[in-house]
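Enquirer: I am attaching a structure below and will ask some questions about it afterwards.
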Amino acid sequence: MSQMPQQAAVSKCPSCEEPLESGDRFCGACGYDLSAVPARPDDSPTIALNGAVPPPSSAPDGVDWPVARDSDGFGRPAPVHAAAEVPGTDSGGSPLPPHPPAAPPMPSAAPPMPSGAPPVPRTAPGPAAPGVRFDHPAGPEQEPVHGPETGREDGREPDAYPREPDAYPREPDEYPLQAPDPRSAAAPPAPAVPPAPAAPAASEKVCVACRAGRVDDDGYCENCGHAQPRERDHMEQESGPVAAVSDRGLRHHRNEDAFSVGCTALPDGAPASVAIVCDGVSSATRPDDASLAASRAAGESLLAALPRGTHPQQAMHDAILAASHAVNALAEEPETAREQAPHQNAPACTLVGAVVTAGLLVVGWVGDSRVYWVPADRSAPPARLTEDDSWAAQMVAAGLMSEAEAYADERAHAITGGLGADAYELEPHTASFKPDRPGVVVVCTDGLWNYAESAEEMAEAVPLDAAARPLHSARVLVGHALDGGGHDNVTVALVPFPAPPQGAGSA
């Protein structure tokens, strides 16, 4: 049986909220069927919390919302509407524009252009290729944006963004995809195999730990992360019959020693060997730079003066002066820099060297590095050829303490002479010797002679074949110091006497 239309039971239209009058069956603004709005049922609770029956409550927001209906008023089930078909309002209360019906998708057609939009040229569609964006039309144009009044959906003015062509870079129509185009009938690709790590180039440093990774500029292996030894942590060099080895030791964080070795010829063609060893003063600023500058300057001075016919002893004196100038130059810096770091003193180091010819042995020194003479015939006595510029040596020379007592004192290694701008007065020491038998000259820093102080102890540590294998013997002496504790940097140079002819070297 059909139901009679009901009169409006609400004061405002449920659709557009237009005020209604009693007896209206349809909304005068939007035509909403008011007969489908049933009267709001009374809410009559059976139990009141305070003992009295409360009056019917109104909606929390003051709006009489309609109750869902089970039919359309004619005995048929109520139709189902999609959300886009229901009229609504925006946050300001204005009605939303109606949504146009969705057009069926066209496989090759671009989306329709809005009215008033300038025409955009199109290009002929080409065959699909791997990497085509399926969410973007196949063509160079961009999707148009528009609004209800300004021509843009975001409501901005038309001049907020320039509409000239190429004002902004357009997104590419194709992007590389990890999967192939499903529209293509190509065979599936083979599974990707991770590439093997590239081997370091021949000119690059290779990690000392894994022997495979490349060493970066910070000194770490890119493969295993192992910190690499610095270049001066361990140095070896062999020049003809002369060899030298320097090591950081086991306690110091850097190597502050340096050396310079070389061979040349005198004006008469006789061979000459040169060895310079320097020890940076740790209490001074940049001791490693001081030792390196001094050793290079002294070595270059000797190798340049000896071929000119300068006497080896005079050449050694001049080499020490050249080394002193090189170290002093390190302290020459702007006064403003010294004012900002007034606690820093000038770089300083010690120096010891030897020149060996066919029948002459010349030594020179400033500081506490030493030169030892070790004869090939170990039955002959060895000798120490230098005297330390140190507090202990002064105590012994003055007769105030014995050598054992002086060097047992904690002030023993306080040097009284050296190279540097803060030195009191430079007094180069030189001496000449004419050994009557072959042997080997040991030029070393206190990092070695601390573990072989006397001439006899040094001779015992030097291998018997040192004159024939100077590089091997220098390694052995460094190992002797490291085995003894390695408390200091260790540097030693071995020079066979007499100087062998040019071309001879260690076996």
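Each chain in the structure tokens gets a letter, A, B, ..., in the order shown, and its residues are numbered from 1; ligands are numbered from 1 in order too.
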Would you mind listing what lies within 10 Å of Ser282 in chain A as a PyMOL selection string, with only C-alpha atoms counted and same-chain residues fewer than 2 positions away left out?

Expert: chain A and resi 256+279-280+284-288+347-349

Enquirer: Store the residues picked out above, limited to all heavy atoms, as a compact mmCIF listing (two decimals), in the first residue's frame.

Expert:
# COMPACT_ATOMS: atom_id res chain seq x y z
N GLU A 256 109.38 12.04 14.33
CA GLU A 256 109.98 13.37 14.26
C GLU A 256 111.44 13.30 13.83
O GLU A 256 112.15 14.31 13.90
CB GLU A 256 109.86 14.06 15.62
CG GLU A 256 108.40 14.27 16.04
CD GLU A 256 108.25 14.74 17.47
OE1 GLU A 256 109.29 14.84 18.17
OE2 GLU A 256 107.12 15.02 17.89
N ASP A 279 117.07 14.67 14.47
CA ASP A 279 116.08 14.31 15.49
C ASP A 279 115.36 15.58 15.92
O ASP A 279 115.99 16.51 16.46
CB ASP A 279 116.77 13.64 16.68
CG ASP A 279 115.78 13.12 17.70
OD1 ASP A 279 114.57 13.33 17.52
OD2 ASP A 279 116.22 12.51 18.70
N GLY A 280 114.05 15.66 15.69
CA GLY A 280 113.29 16.83 16.09
C GLY A 280 113.15 16.94 17.60
O GLY A 280 112.98 15.94 18.30
N ALA A 284 109.61 21.53 21.10
CA ALA A 284 109.51 22.67 20.20
C ALA A 284 108.32 22.49 19.27
O ALA A 284 107.74 21.40 19.16
CB ALA A 284 110.79 22.85 19.39
N THR A 285 107.97 23.56 18.58
CA THR A 285 106.88 23.52 17.62
C THR A 285 107.35 22.89 16.30
O THR A 285 108.46 23.16 15.85
CB THR A 285 106.36 24.94 17.35
OG1 THR A 285 105.96 25.51 18.60
CG2 THR A 285 105.19 24.93 16.40
N ARG A 286 106.53 22.04 15.72
CA ARG A 286 106.79 21.41 14.42
C ARG A 286 108.16 20.74 14.37
O ARG A 286 108.97 21.02 13.49
CB ARG A 286 106.66 22.44 13.30
CG ARG A 286 105.29 23.08 13.19
CD ARG A 286 105.31 24.34 12.35
NE ARG A 286 105.82 24.09 11.02
CZ ARG A 286 106.19 25.07 10.18
NH1 ARG A 286 106.13 26.32 10.54
NH2 ARG A 286 106.63 24.75 8.97
N PRO A 287 108.46 19.85 15.29
CA PRO A 287 109.78 19.19 15.26
C PRO A 287 109.98 18.31 14.04
O PRO A 287 111.11 18.16 13.57
CB PRO A 287 109.79 18.38 16.56
CG PRO A 287 108.35 18.13 16.87
CD PRO A 287 107.62 19.35 16.40
N ASP A 288 108.90 17.73 13.53
CA ASP A 288 109.04 16.88 12.35
C ASP A 288 109.42 17.70 11.12
O ASP A 288 110.22 17.26 10.29
CB ASP A 288 107.75 16.10 12.10
CG ASP A 288 106.53 17.00 12.09
OD1 ASP A 288 106.59 18.11 12.66
OD2 ASP A 288 105.50 16.61 11.51
N PRO A 347 110.65 26.04 15.77
CA PRO A 347 111.03 24.64 15.49
C PRO A 347 112.51 24.42 15.75
O PRO A 347 113.34 25.30 15.54
CB PRO A 347 110.68 24.47 14.01
CG PRO A 347 109.66 25.52 13.74
CD PRO A 347 110.01 26.67 14.61
N ALA A 348 112.87 23.21 16.19
CA ALA A 348 114.26 22.89 16.53
C ALA A 348 114.51 21.41 16.32
O ALA A 348 113.58 20.59 16.35
CB ALA A 348 114.56 23.28 17.98
N CYS A 349 115.77 21.06 16.12
CA CYS A 349 116.17 19.67 15.95
C CYS A 349 117.66 19.54 16.20
O CYS A 349 118.38 20.53 16.33
CB CYS A 349 115.82 19.16 14.54
SG CYS A 349 116.79 19.93 13.22

Enquirer: Do you know which residues are at most 10 Å from Asn223 in chain A counting only C-alpha atoms, after dropping those on the same chain fewer than 5 positions away, and could you put them as a list in words?

Expert: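 Within the cut-off, the hits are Pro197, Cys207, Ala209, Cys210, Arg211, Ala212, Gly213, Arg214 and Val215 of chain A.
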
Enquirer: Write a file of the just-selected residues containing all heavy atoms, as a tab-separated table (two decimals), in the first residue's frame.

Expert:
chain	number	residue	atom	x	y	z
A	197	PRO	N	84.23	-5.51	-7.07
A	197	PRO	CA	84.93	-4.27	-6.73
A	197	PRO	C	86.13	-4.07	-7.64
A	197	PRO	O	86.90	-4.98	-7.91
A	197	PRO	CB	85.36	-4.50	-5.27
A	197	PRO	CG	85.31	-5.98	-5.07
A	197	PRO	CD	84.23	-6.48	-5.96
A	207	CYS	N	95.94	-0.92	0.53
A	207	CYS	CA	95.86	-1.10	1.97
A	207	CYS	C	96.88	-2.13	2.44
A	207	CYS	O	97.03	-3.20	1.83
A	207	CYS	CB	94.45	-1.54	2.35
A	207	CYS	SG	94.24	-1.92	4.11
A	209	ALA	N	96.58	-3.75	5.15
A	209	ALA	CA	95.88	-4.78	5.92
A	209	ALA	C	95.23	-5.81	5.01
A	209	ALA	O	95.51	-7.01	5.11
A	209	ALA	CB	94.84	-4.14	6.84
A	210	CYS	N	94.33	-5.34	4.11
A	210	CYS	CA	93.61	-6.29	3.26
A	210	CYS	C	94.28	-6.50	1.90
A	210	CYS	O	93.91	-7.41	1.17
A	210	CYS	CB	92.17	-5.82	3.05
A	210	CYS	SG	92.01	-4.28	2.10
A	211	ARG	N	95.22	-5.65	1.54
A	211	ARG	CA	95.96	-5.76	0.28
A	211	ARG	C	95.07	-5.69	-0.94
A	211	ARG	O	95.42	-6.16	-2.01
A	211	ARG	CB	96.76	-7.07	0.24
A	211	ARG	CG	97.84	-7.18	1.29
A	211	ARG	CD	98.95	-6.19	1.02
A	211	ARG	NE	100.02	-6.29	2.01
A	211	ARG	CZ	101.10	-5.52	2.01
A	211	ARG	NH1	101.23	-4.60	1.09
A	211	ARG	NH2	102.02	-5.64	2.94
A	212	ALA	N	93.85	-5.13	-0.79
A	212	ALA	CA	92.92	-5.05	-1.92
A	212	ALA	C	92.29	-3.68	-2.06
A	212	ALA	O	92.01	-3.26	-3.17
A	212	ALA	CB	91.82	-6.11	-1.77
A	213	GLY	N	92.02	-2.99	-0.96
A	213	GLY	CA	91.32	-1.72	-1.01
A	213	GLY	C	92.23	-0.56	-1.35
A	213	GLY	O	93.44	-0.60	-1.12
A	214	ARG	N	91.60	0.49	-1.90
A	214	ARG	CA	92.33	1.72	-2.21
A	214	ARG	C	92.36	2.60	-0.98
A	214	ARG	O	91.40	2.66	-0.21
A	214	ARG	CB	91.65	2.46	-3.36
A	214	ARG	CG	92.44	3.63	-3.89
A	214	ARG	CD	91.68	4.33	-5.00
A	214	ARG	NE	90.53	5.04	-4.45
A	214	ARG	CZ	90.59	6.30	-3.99
A	214	ARG	NH1	91.73	6.97	-4.02
A	214	ARG	NH2	89.51	6.88	-3.52
A	215	VAL	N	93.45	3.31	-0.77
A	215	VAL	CA	93.61	4.19	0.38
A	215	VAL	C	93.17	5.59	-0.04
A	215	VAL	O	93.66	6.13	-1.04
A	215	VAL	CB	95.07	4.20	0.87
A	215	VAL	CG1	95.24	5.15	2.04
A	215	VAL	CG2	95.51	2.80	1.26

Enquirer: List the neighbours of Val442 in chain A out to 7 Å using only C-alpha atoms; skip same-chain residues closer than 5 positions along the sequence, and give me the result as an MDAnalysis selection string.

Expert: chainID A and resid 371:373 492:495

Enquirer: Take CA of His311 in chain A and CA of Pro267 in chain A and report the distance between them in Å, one decimal.

Expert: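 Value for the CA of His311 in chain A-CA of Pro267 in chain A distance: 10.8 Å.
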
Enquirer: Could you check which of A:Pro496, A:Gly484, A:Pro501, A:Pro14 is closest to Leu250 in chain A, using only C-alpha atoms?

Expert: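 Of all the options, A:Gly484 lies closest to Leu250 in chain A.
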
Enquirer: How many Å lie between CA of Val366 in chain A and CA of Val441 in chain A, rounded to one decimal?

Expert: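 These two atoms are separated by 17.7 Å.
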
Enquirer: If you run DSSP over the backbone, which residues in range 239-424 of chain A end up strand (DSSP E or B)? Put them as a VMD selection string.

Expert: chain A and resid 239 242 to 247 257 to 265 271 to 280 348 to 356 361 to 366 370 to 375 383 to 384 390 415 419 to 420

Enquirer: How many Å lie between CA of Ser260 in chain A and CA of Ile276 in chain A, rounded to one decimal?

Expert: 5.1 Å

Enquirer: Counting only C-alpha atoms, figure out which residue out of A:Arg251, A:Lys205, A:Arg25, A:His325 gets nearest to Pro229 in chain A.

Expert: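 Counting only C-alpha atoms, the residue closest to Pro229 in chain A is A:Lys205.
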
Enquirer: Between A:His226, A:His487, A:His429, A:His472, single out the one closest to Ala243 in chain A, counting only C-alpha atoms.

Expert: A:His472

Enquirer: Skip Ser295 in chain A itself and residues of its chain fewer than 2 positions away, then list as a compact mmCIF listing (two decimals) with C-alpha atoms, in the first residue's frame all residues within 8 Å of it, counting only C-alpha atoms.

Expert:
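Generated output (around_2.txt):
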# COMPACT_ATOMS: atom_id res chain seq x y z
CA ALA A 258 114.51 12.42 9.28
CA PHE A 259 117.56 11.41 7.26
CA SER A 260 119.32 12.05 3.96
CA ILE A 276 122.72 12.91 7.62
CA VAL A 277 120.39 12.05 10.52
CA CYS A 278 118.22 14.62 12.36
CA SER A 291 114.22 17.58 11.14
CA LEU A 292 113.05 17.15 7.55
CA ALA A 293 114.20 20.63 6.50
CA ALA A 297 119.47 21.13 3.42
CA ALA A 298 122.56 19.44 4.86
CA GLY A 299 122.48 16.56 2.40
CA ALA A 323 120.65 23.16 7.90
CA LEU A 351 121.86 16.91 13.51

Enquirer: Neighbouring residues of Ala392 in chain A were defined as those with any atom within 7 Å, considering only C-alpha atoms; residues of the same chain fewer than 3 positions away were excluded. Please report them as a PyMOL selection string.

Expert: chain A and resi 395-396+406-407+412-413

Enquirer: Let me see the file: selected residues, all heavy atoms, as a PDB file, in the first residue's frame.

Expert:
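Output file selection_18.pdb follows:
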ATOM      1  N   MET A 395     127.998  17.371  32.697  1.00  0.00           N
ATOM      2  CA  MET A 395     128.312  16.925  34.053  1.00  0.00           C
ATOM      3  C   MET A 395     129.540  16.017  34.061  1.00  0.00           C
ATOM      4  O   MET A 395     130.397  16.106  34.948  1.00  0.00           O
ATOM      5  CB  MET A 395     127.103  16.166  34.644  1.00  0.00           C
ATOM      6  CG  MET A 395     125.880  17.024  34.872  1.00  0.00           C
ATOM      7  SD  MET A 395     126.107  18.370  36.060  1.00  0.00           S
ATOM      8  CE  MET A 395     126.292  19.779  34.954  1.00  0.00           C
ATOM      9  N   VAL A 396     129.646  15.162  33.056  1.00  0.00           N
ATOM     10  CA  VAL A 396     130.801  14.270  32.982  1.00  0.00           C
ATOM     11  C   VAL A 396     132.068  15.058  32.644  1.00  0.00           C
ATOM     12  O   VAL A 396     133.150  14.834  33.233  1.00  0.00           O
ATOM     13  CB  VAL A 396     130.537  13.165  31.937  1.00  0.00           C
ATOM     14  CG1 VAL A 396     131.780  12.307  31.736  1.00  0.00           C
ATOM     15  CG2 VAL A 396     129.356  12.289  32.363  1.00  0.00           C
ATOM     16  N   ALA A 406     125.413  10.279  35.420  1.00  0.00           N
ATOM     17  CA  ALA A 406     124.847  11.386  34.655  1.00  0.00           C
ATOM     18  C   ALA A 406     123.719  10.907  33.746  1.00  0.00           C
ATOM     19  O   ALA A 406     122.661  11.550  33.658  1.00  0.00           O
ATOM     20  CB  ALA A 406     125.941  12.068  33.844  1.00  0.00           C
ATOM     21  N   TYR A 407     123.928   9.807  33.060  1.00  0.00           N
ATOM     22  CA  TYR A 407     122.912   9.352  32.121  1.00  0.00           C
ATOM     23  C   TYR A 407     121.761   8.635  32.811  1.00  0.00           C
ATOM     24  O   TYR A 407     120.730   8.375  32.181  1.00  0.00           O
ATOM     25  CB  TYR A 407     123.529   8.452  31.055  1.00  0.00           C
ATOM     26  CG  TYR A 407     124.254   9.248  29.996  1.00  0.00           C
ATOM     27  CD1 TYR A 407     125.639   9.393  30.036  1.00  0.00           C
ATOM     28  CD2 TYR A 407     123.556   9.876  28.978  1.00  0.00           C
ATOM     29  CE1 TYR A 407     126.313  10.135  29.075  1.00  0.00           C
ATOM     30  CE2 TYR A 407     124.211  10.618  28.018  1.00  0.00           C
ATOM     31  CZ  TYR A 407     125.590  10.761  28.069  1.00  0.00           C
ATOM     32  OH  TYR A 407     126.244  11.505  27.126  1.00  0.00           O
ATOM     33  N   ALA A 412     119.318  13.927  31.856  1.00  0.00           N
ATOM     34  CA  ALA A 412     120.448  13.518  31.028  1.00  0.00           C
ATOM     35  C   ALA A 412     120.279  13.949  29.578  1.00  0.00           C
ATOM     36  O   ALA A 412     121.235  14.408  28.947  1.00  0.00           O
ATOM     37  CB  ALA A 412     120.636  11.996  31.109  1.00  0.00           C
ATOM     38  N   HIS A 413     119.089  13.833  29.020  1.00  0.00           N
ATOM     39  CA  HIS A 413     118.884  14.091  27.598  1.00  0.00           C
ATOM     40  C   HIS A 413     118.450  15.523  27.306  1.00  0.00           C
ATOM     41  O   HIS A 413     118.057  15.814  26.177  1.00  0.00           O
ATOM     42  CB  HIS A 413     117.857  13.105  27.038  1.00  0.00           C
ATOM     43  CG  HIS A 413     118.364  11.695  26.993  1.00  0.00           C
ATOM     44  ND1 HIS A 413     119.143  11.221  25.971  1.00  0.00           N
ATOM     45  CD2 HIS A 413     118.205  10.651  27.860  1.00  0.00           C
ATOM     46  CE1 HIS A 413     119.443   9.944  26.191  1.00  0.00           C
ATOM     47  NE2 HIS A 413     118.886   9.581  27.336  1.00  0.00           N
TER      48      HIS A 413
END

Enquirer: Find the residues near Pro312 in chain A: any atom within 9 Å, counting only C-alpha atoms, skip ones fewer than 5 places away on the same chain, and give them as a list in words.

Expert: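 Counting only the stated atoms, we get Leu302, Ala305, Leu306, His317, Val355, Val356, Thr357, Leu360, Leu361, Val362 and Ser432 of chain A.
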
Enquirer: Check the smallest atom-to-atom distance from each of A:Ala467, A:Ala294, A:Leu426, A:Val352 to Leu385 in chain A using only C-alpha atoms, then report the winner.

Expert: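 Going through A:Ala467, A:Ala294, A:Leu426, A:Val352 one by one, the smallest distance to Leu385 in chain A is for A:Val352.
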